[in-house]
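Text of the file work_18.tsv, holding TSV, C-alpha atoms and all ligand atoms:
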chain	number	residue	atom	x	y	z
A	899	MET	CA	-2.18	-8.21	25.28
A	900	HIS	CA	-5.86	-7.46	24.61
A	901	ASN	CA	-6.84	-8.36	28.17
A	902	ASP	CA	-8.09	-4.87	28.98
A	903	VAL	CA	-10.52	-4.79	26.03
A	904	GLU	CA	-14.16	-5.46	26.93
A	905	LYS	CA	-15.54	-5.49	23.39
A	906	THR	CA	-14.94	-4.23	19.87
A	907	LEU	CA	-16.82	-1.02	19.19
A	908	LEU	CA	-15.63	-0.44	15.59
A	909	SER	CA	-14.00	-3.10	13.45
A	910	GLU	CA	-11.06	-2.54	11.14
A	911	ALA	CA	-13.39	-2.89	8.12
A	912	GLN	CA	-15.87	-0.34	9.50
A	913	ILE	CA	-13.09	2.16	10.21
A	914	GLN	CA	-11.48	1.78	6.79
A	915	ALA	CA	-14.81	2.05	4.94
A	916	ARG	CA	-15.76	5.21	6.81
A	917	ILE	CA	-12.37	6.83	6.20
A	918	GLU	CA	-12.80	6.24	2.48
A	919	GLU	CA	-16.20	7.98	2.66
A	920	LEU	CA	-14.77	10.94	4.57
A	921	ALA	CA	-11.95	11.25	2.02
A	922	GLY	CA	-14.59	11.29	-0.74
A	923	GLU	CA	-16.32	14.25	0.96
A	924	MET	CA	-12.98	16.04	1.30
A	925	ASN	CA	-12.11	15.33	-2.35
A	926	ALA	CA	-15.37	17.06	-3.31
A	927	LEU	CA	-14.56	20.08	-1.14
A	928	TYR	CA	-10.90	20.84	-1.76
A	929	SER	CA	-9.02	21.39	-5.02
A	930	ASP	CA	-5.33	21.40	-5.90
A	931	ASP	CA	-5.40	25.18	-5.78
A	932	ASP	CA	-6.59	25.13	-2.16
A	933	ALA	CA	-3.58	22.95	-1.24
A	934	PRO	CA	-4.77	22.67	2.35
A	935	MET	CA	-2.51	21.93	5.25
A	936	LEU	CA	-3.66	18.94	7.29
A	937	VAL	CA	-2.69	19.37	10.92
A	938	CYS	CA	-2.52	16.01	12.65
A	939	ILE	CA	-2.92	16.21	16.41
A	940	LEU	CA	-0.51	13.74	17.95
A	941	LYS	CA	-0.37	11.26	19.20
A	942	GLY	CA	-3.91	9.90	18.84
A	943	ALA	CA	-4.60	10.86	15.20
A	944	PHE	CA	-1.49	9.35	13.61
A	945	LEU	CA	-3.16	6.27	12.13
A	946	PHE	CA	-6.27	8.18	11.06
A	947	LEU	CA	-4.11	10.70	9.18
A	948	ALA	CA	-2.01	7.96	7.61
A	949	ASP	CA	-5.03	6.09	6.26
A	950	LEU	CA	-6.95	9.24	5.31
A	951	VAL	CA	-4.26	10.89	3.17
A	952	ARG	CA	-3.87	7.78	1.05
A	953	HIS	CA	-7.40	8.42	-0.27
A	954	LEU	CA	-7.00	12.17	-0.88
A	955	GLU	CA	-6.81	13.30	-4.49
A	956	PHE	CA	-6.01	17.00	-4.03
A	957	ARG	CA	-2.59	18.49	-3.34
A	958	HIS	CA	-2.06	18.93	0.39
A	959	GLU	CA	0.58	19.21	3.07
A	960	VAL	CA	0.73	17.36	6.35
A	961	ASN	CA	1.92	18.90	9.55
A	962	PHE	CA	1.91	17.83	13.18
A	963	MET	CA	1.17	19.30	16.57
A	964	VAL	CA	1.62	17.59	19.90
A	965	VAL	CA	-0.81	18.73	22.54
A	966	SER	CA	-1.37	17.33	25.97
A	967	SER	CA	-4.14	17.70	28.49
A	968	TYR	CA	-3.23	17.40	32.13
A	969	GLY	CA	-5.33	14.92	34.07
A	970	SER	CA	-5.71	11.25	34.75
A	971	SER	CA	-5.38	8.73	31.96
A	972	THR	CA	-9.13	8.50	31.30
A	973	LYS	CA	-10.23	12.11	31.92
A	974	SER	CA	-9.22	15.40	30.29
A	975	SER	CA	-8.83	18.32	32.69
A	976	GLY	CA	-9.44	21.23	30.34
A	977	ILE	CA	-5.87	22.48	30.72
A	978	VAL	CA	-4.15	22.12	27.37
A	979	ARG	CA	-0.49	22.64	26.50
A	980	ILE	CA	1.21	22.73	23.11
A	981	LEU	CA	4.26	20.47	23.39
A	982	LEU	CA	5.23	20.70	19.70
A	983	ASP	CA	4.00	23.49	17.47
A	984	LEU	CA	3.58	23.67	13.69
A	985	GLU	CA	6.81	24.12	11.80
A	986	SER	CA	5.31	26.47	9.24
A	987	ASN	CA	3.20	29.60	8.98
A	988	ILE	CA	-0.52	29.07	8.29
A	989	LYS	CA	-1.40	32.68	7.50
A	990	GLY	CA	-3.65	32.70	4.41
A	991	ARG	CA	-3.60	28.89	4.17
A	992	HIS	CA	-6.54	26.50	4.21
A	993	VAL	CA	-6.12	24.37	7.30
A	994	MET	CA	-7.83	21.17	8.38
A	995	ILE	CA	-7.25	19.84	11.87
A	996	VAL	CA	-7.19	16.03	12.03
A	997	GLU	CA	-8.18	14.77	15.49
A	998	ASP	CA	-8.73	11.33	16.98
A	999	ILE	CA	-11.67	12.11	19.25
A	1000	VAL	CA	-13.65	15.09	20.52
A	1001	ASP	CA	-14.75	14.38	24.05
A	1002	THR	CA	-15.33	17.37	26.39
A	1003	GLY	CA	-14.20	19.65	23.54
A	1004	HIS	CA	-11.57	21.49	25.61
A	1005	THR	CA	-8.59	20.31	23.55
A	1006	LEU	CA	-10.14	21.21	20.22
A	1007	ASP	CA	-11.46	24.51	21.55
A	1008	TYR	CA	-7.96	25.46	22.62
A	1009	ILE	CA	-6.40	24.42	19.30
A	1010	LEU	CA	-9.06	26.27	17.28
A	1011	ARG	CA	-8.65	29.46	19.28
A	1012	ASN	CA	-4.88	29.23	19.04
A	1013	LEU	CA	-4.77	28.57	15.27
A	1014	SER	CA	-7.41	31.26	14.54
A	1015	THR	CA	-5.08	33.93	15.87
A	1016	ARG	CA	-2.66	32.98	13.07
A	1017	HIS	CA	-5.19	34.04	10.38
A	1018	PRO	CA	-5.62	30.94	8.18
A	1019	ALA	CA	-7.78	31.36	5.04
A	1020	SER	CA	-10.10	28.68	6.44
A	1021	LEU	CA	-10.04	26.36	9.43
A	1022	ARG	CA	-11.90	23.05	9.39
A	1023	VAL	CA	-11.95	20.03	11.66
A	1024	ALA	CA	-12.05	16.31	10.93
A	1025	THR	CA	-12.35	13.91	13.83
A	1026	LEU	CA	-12.53	10.15	13.63
A	1027	LEU	CA	-14.66	9.87	16.78
A	1028	ASN	CA	-17.12	12.16	18.52
A	1029	LYS	CA	-18.62	11.72	21.99
A	1030	PRO	CA	-21.30	14.45	21.93
A	1031	SER	CA	-22.82	13.42	25.27
A	1032	ARG	CA	-19.61	14.48	27.06
A	1033	ARG	CA	-19.33	17.95	25.59
A	1034	GLU	CA	-18.49	20.81	27.98
A	1035	VAL	CA	-17.50	23.37	25.31
A	1036	GLN	CA	-19.27	23.71	21.96
A	1037	VAL	CA	-16.82	23.26	19.08
A	1038	PRO	CA	-17.49	23.19	15.33
A	1039	VAL	CA	-16.66	19.88	13.65
A	1040	ASP	CA	-16.86	19.55	9.85
A	1041	PHE	CA	-16.14	15.84	9.36
A	1042	VAL	CA	-17.02	13.12	11.87
A	1043	GLY	CA	-16.18	9.47	11.37
A	1044	PHE	CA	-18.36	7.98	14.08
A	1045	GLU	CA	-20.49	9.25	16.95
A	1046	ILE	CA	-19.84	6.98	19.89
A	1047	PRO	CA	-21.42	6.55	23.33
A	1048	ASP	CA	-19.82	7.65	26.60
A	1049	GLU	CA	-17.35	4.81	27.01
A	1050	PHE	CA	-13.56	4.96	27.21
A	1051	VAL	CA	-12.19	3.59	23.96
A	1052	MET	CA	-8.73	2.66	22.75
A	1053	GLY	CA	-7.00	1.35	19.67
A	1054	TYR	CA	-6.43	2.70	16.17
A	1055	GLY	CA	-4.22	5.49	17.55
A	1056	LEU	CA	-6.04	6.02	20.84
A	1057	ASP	CA	-4.37	4.89	24.01
A	1058	TYR	CA	-5.13	3.77	27.48
A	1059	ALA	CA	-2.14	4.89	29.59
A	1060	GLU	CA	-0.08	5.03	26.36
A	1061	PHE	CA	-0.75	1.41	25.37
A	1062	TYR	CA	-3.03	-0.14	22.72
A	1063	ARG	CA	-2.50	2.52	20.03
A	1064	ASN	CA	-1.58	-0.25	17.58
A	1065	LEU	CA	-4.91	-2.10	17.62
A	1066	ARG	CA	-6.49	-2.17	14.15
A	1067	TYR	CA	-9.95	-1.85	15.70
A	1068	ILE	CA	-11.43	0.44	18.34
A	1069	GLY	CA	-12.27	-1.32	21.56
A	1070	VAL	CA	-13.96	-0.39	24.81
A	1071	LEU	CA	-11.81	-0.48	27.93
A	1072	LYS	CA	-13.02	-2.80	30.68
A	1073	PRO	CA	-14.50	-0.48	33.34
A	1074	GLU	CA	-12.75	-2.41	36.12
A	1075	VAL	CA	-9.39	-1.39	34.60
A	1076	TYR	CA	-9.84	2.30	35.32
A	1077	GLN	CA	-11.86	1.76	38.49
A	1078	ARG	CA	-8.89	-0.09	39.94
A	1101	LIG	P1	-11.28	16.54	25.20
A	1101	LIG	O1	-10.37	17.72	25.45
A	1101	LIG	O2	-12.01	16.12	26.44
A	1101	LIG	O3	-12.22	16.73	24.03
A	1101	LIG	O4	-10.36	15.29	24.93
A	1101	LIG	C1	-9.62	15.16	23.82
A	1101	LIG	C2	-8.48	14.19	24.03
A	1101	LIG	O5	-8.65	13.30	25.14
A	1101	LIG	C3	-8.42	13.32	22.81
A	1101	LIG	O6	-7.65	13.93	21.79
A	1101	LIG	C4	-7.84	12.04	23.35
A	1101	LIG	O7	-6.44	12.12	23.33
A	1101	LIG	C5	-8.32	11.98	24.78
A	1101	LIG	N1	-9.53	11.10	24.92
A	1101	LIG	C6	-10.80	11.48	25.13
A	1101	LIG	N2	-11.63	10.43	25.20
A	1101	LIG	C7	-10.85	9.34	24.99
A	1101	LIG	C8	-11.13	7.92	24.92
A	1101	LIG	O8	-12.27	7.43	25.05
A	1101	LIG	N3	-10.05	7.12	24.68
A	1101	LIG	C9	-8.78	7.60	24.52
A	1101	LIG	N4	-8.49	8.90	24.58
A	1101	LIG	C10	-9.51	9.77	24.80
Is it possible to express this structure as structure tokens?
Amino acid sequence: MHNDVEKTLLSEAQIQARIEELAGEMNALYSDDDAPMLVCILKGAFLFLADLVRHLEFRHEVNFMVVSSYGSSTKSSGIVRILLDLESNIKGRHVMIVEDIVDTGHTLDYILRNLSTRHPASLRVATLLNKPSRREVQVPVDFVGFEIPDEFVMGYGLDYAEFYRNLRYIGVLKPEVYQR
């Protein structure tokens, strides 16, 4: 089943260690009184959220949004749609978006602009992965797990054509798979 993986980019141990560090930074920033709402962007961030919240020591809520970008399976088009919106009001709340990867930045830019109009008390962003070399829109990111090179990756929540989300590591897709 791992036939499409060229190599491991980040091992399970590396990912878990970094998530613990990120949670430590968040524990220093937020208090119980802040009670932030973590907004997990589905589907890619589901494992990151699940592992992250188990290290958080402040009171918080979790919420989910499903967004989709039109385009081929390895490229985002810049057109973003909200398929499932938040179930609760974020006005006056501290909000932290939890993303899998920031690539061109279009998806996050759209989400940030959309959530800002709802007047949260603060709006921060945590992303497990960042591909800065691919950026087309500048977006603020407060917590970054790993900066990665311009390669298509999958595993640990991220998919290639909806598969491989269950891998415990993050792997690079064989280029011949998407050049097919
Ligand atoms: P952006 O709008 O180009 O920043 O892309 C954001 C979304 O594209 C992410 O939330 C992912 O769902 C997807 N994406 C971007 N790069 C990759 C990748 O290397 N592997 C898997 N999904 C990716």
Can you tell me, as a PDB file with C-alpha atoms, in the frame of the given file, what residues are no more than 10 Å from Leu1010 in chain A when counting all atoms listed in the file, ignoring any on the same chain fewer than 5 positions away?
ATOM      1  CA  ILE A 995      -7.250  19.840  11.870  1.00  0.00           C
ATOM      2  CA  HIS A1004     -11.570  21.490  25.610  1.00  0.00           C
ATOM      3  CA  THR A1005      -8.590  20.310  23.550  1.00  0.00           C
ATOM      4  CA  THR A1015      -5.080  33.930  15.870  1.00  0.00           C
ATOM      5  CA  LEU A1021     -10.040  26.360   9.430  1.00  0.00           C
ATOM      6  CA  ARG A1022     -11.900  23.050   9.390  1.00  0.00           C
ATOM      7  CA  VAL A1023     -11.950  20.030  11.660  1.00  0.00           C
ATOM      8  CA  VAL A1037     -16.820  23.260  19.080  1.00  0.00           C
ATOM      9  CA  PRO A1038     -17.490  23.190  15.330  1.00  0.00           C
TER      10      PRO A1038
END
Hey, which residues sit close to ligand LIG 1101 (chain A)? Say within 9 Å, counting all atoms listed in the file, and write them as a VMD selection string.
chain A and resid 939 to 943 965 to 967 971 to 978 997 to 1008 1027 to 1029 1032 to 1035 1048 to 1053 1055 to 1059 1070 to 1071
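Across the model, the gap from CA of Asp930 in chain A to CA of His958 in chain A is 7.5 Å.
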Thr906 in chain A proximity check over A:Glu919, A:Glu985, A:Val960, A:Arg1066, using all atoms listed in the file: winner is A:Arg1066
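CA of Glu1074 in chain A sits 27.8 Å away from CA of Phe944 in chain A.
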How many Å separate CA of Arg916 in chain A from CA of Ala1024 in chain A?
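Atom-to-atom, CA of Arg916 in chain A to CA of Ala1024 in chain A, that is 12.4 Å.
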Find the spatial neighbours of Asp949 in chain A, counting all atoms listed in the file, within a cut-off of 10 Å - ignore same-chain residues fewer than 2 positions away - and output them as a PyMOL selection string.
chain A and resi 913-914+917-918+921+944-947+951-954
For a quick check of understanding, using all atoms listed in the file, which of A:Val964, A:Ala948, A:Leu1026, A:Ile980 has the smallest distance to Ile1068 in chain A?
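Closest to Ile1068 in chain A, using all atoms listed in the file: A:Leu1026.
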Would you compute the box with edges along x, y and z of the file around range 945-955 of chain A, including every atom the file lists for it and 8 Å extra on each side, and give its centre and edge lengths in Å to one decimal, as AutoDock Vina command-line options?
--center_x -4.7 --center_y 9.7 --center_z 3.8 --size_x 21.4 --size_y 23.2 --size_z 32.6
Which residue is closest to Asp1040 in chain A? Choose from A:Gln1077, A:Leu920, A:Leu950, A:Phe956 and count only C-alpha atoms.
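The closest residue to Asp1040 in chain A is A:Leu920.
Comparing A:Val937, A:Ile1009, A:Tyr1067, A:Ser1031 by their smallest distance to Tyr1054 in chain A, the closest is A:Tyr1067 (using only C-alpha atoms).
Restricting the calculation to only C-alpha atoms, the smallest distance between Val1042 in chain A and any of A:Leu907, A:Ala933, A:Leu982, A:Met924 is found for A:Met924.
Each of A:Asn961, A:Asn901, A:Asn1012, A:Ser1020 was compared to His992 in chain A using all atoms listed in the file, and A:Ser1020 turns out to be the nearest.
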Hey, could you patch up range 991-1004 of chain A with N, CA, C and O atoms and hand it over as a compact mmCIF listing (two decimals), in the frame of the given file?
# COMPACT_ATOMS: atom_id res chain seq x y z
N ARG A 991 -3.51 30.28 4.65
CA ARG A 991 -3.60 28.89 4.17
C ARG A 991 -4.92 28.26 4.59
O ARG A 991 -5.49 28.60 5.64
N HIS A 992 -5.40 27.31 3.79
CA HIS A 992 -6.54 26.50 4.21
C HIS A 992 -6.01 25.40 5.13
O HIS A 992 -5.06 24.70 4.77
N VAL A 993 -6.62 25.30 6.29
CA VAL A 993 -6.12 24.37 7.30
C VAL A 993 -7.23 23.41 7.71
O VAL A 993 -8.38 23.81 7.88
N MET A 994 -6.88 22.15 7.83
CA MET A 994 -7.83 21.17 8.38
C MET A 994 -7.16 20.41 9.53
O MET A 994 -6.14 19.75 9.33
N ILE A 995 -7.75 20.55 10.70
CA ILE A 995 -7.25 19.84 11.87
C ILE A 995 -7.73 18.39 11.79
O ILE A 995 -8.91 18.13 11.50
N VAL A 996 -6.83 17.45 12.04
CA VAL A 996 -7.19 16.03 12.03
C VAL A 996 -7.03 15.49 13.45
O VAL A 996 -5.91 15.39 13.97
N GLU A 997 -8.16 15.18 14.07
CA GLU A 997 -8.18 14.77 15.49
C GLU A 997 -8.62 13.31 15.62
O GLU A 997 -9.32 12.79 14.74
N ASP A 998 -8.26 12.69 16.72
CA ASP A 998 -8.73 11.33 16.98
C ASP A 998 -10.14 11.32 17.55
O ASP A 998 -11.02 10.62 17.07
N ILE A 999 -10.37 12.15 18.58
CA ILE A 999 -11.67 12.11 19.25
C ILE A 999 -11.97 13.47 19.88
O ILE A 999 -11.06 14.13 20.39
N VAL A 1000 -13.21 13.89 19.79
CA VAL A 1000 -13.65 15.09 20.52
C VAL A 1000 -14.54 14.60 21.65
O VAL A 1000 -15.57 13.96 21.41
N ASP A 1001 -14.09 14.89 22.86
CA ASP A 1001 -14.75 14.38 24.05
C ASP A 1001 -15.40 15.57 24.77
O ASP A 1001 -16.49 16.00 24.38
N THR A 1002 -14.76 16.17 25.76
CA THR A 1002 -15.33 17.37 26.39
C THR A 1002 -15.28 18.56 25.44
O THR A 1002 -16.06 19.51 25.60
N GLY A 1003 -14.35 18.54 24.49
CA GLY A 1003 -14.20 19.65 23.54
C GLY A 1003 -13.12 20.64 23.94
O GLY A 1003 -12.77 21.52 23.15
N HIS A 1004 -12.55 20.50 25.14
CA HIS A 1004 -11.57 21.49 25.61
C HIS A 1004 -10.31 21.53 24.73
O HIS A 1004 -9.81 22.60 24.42
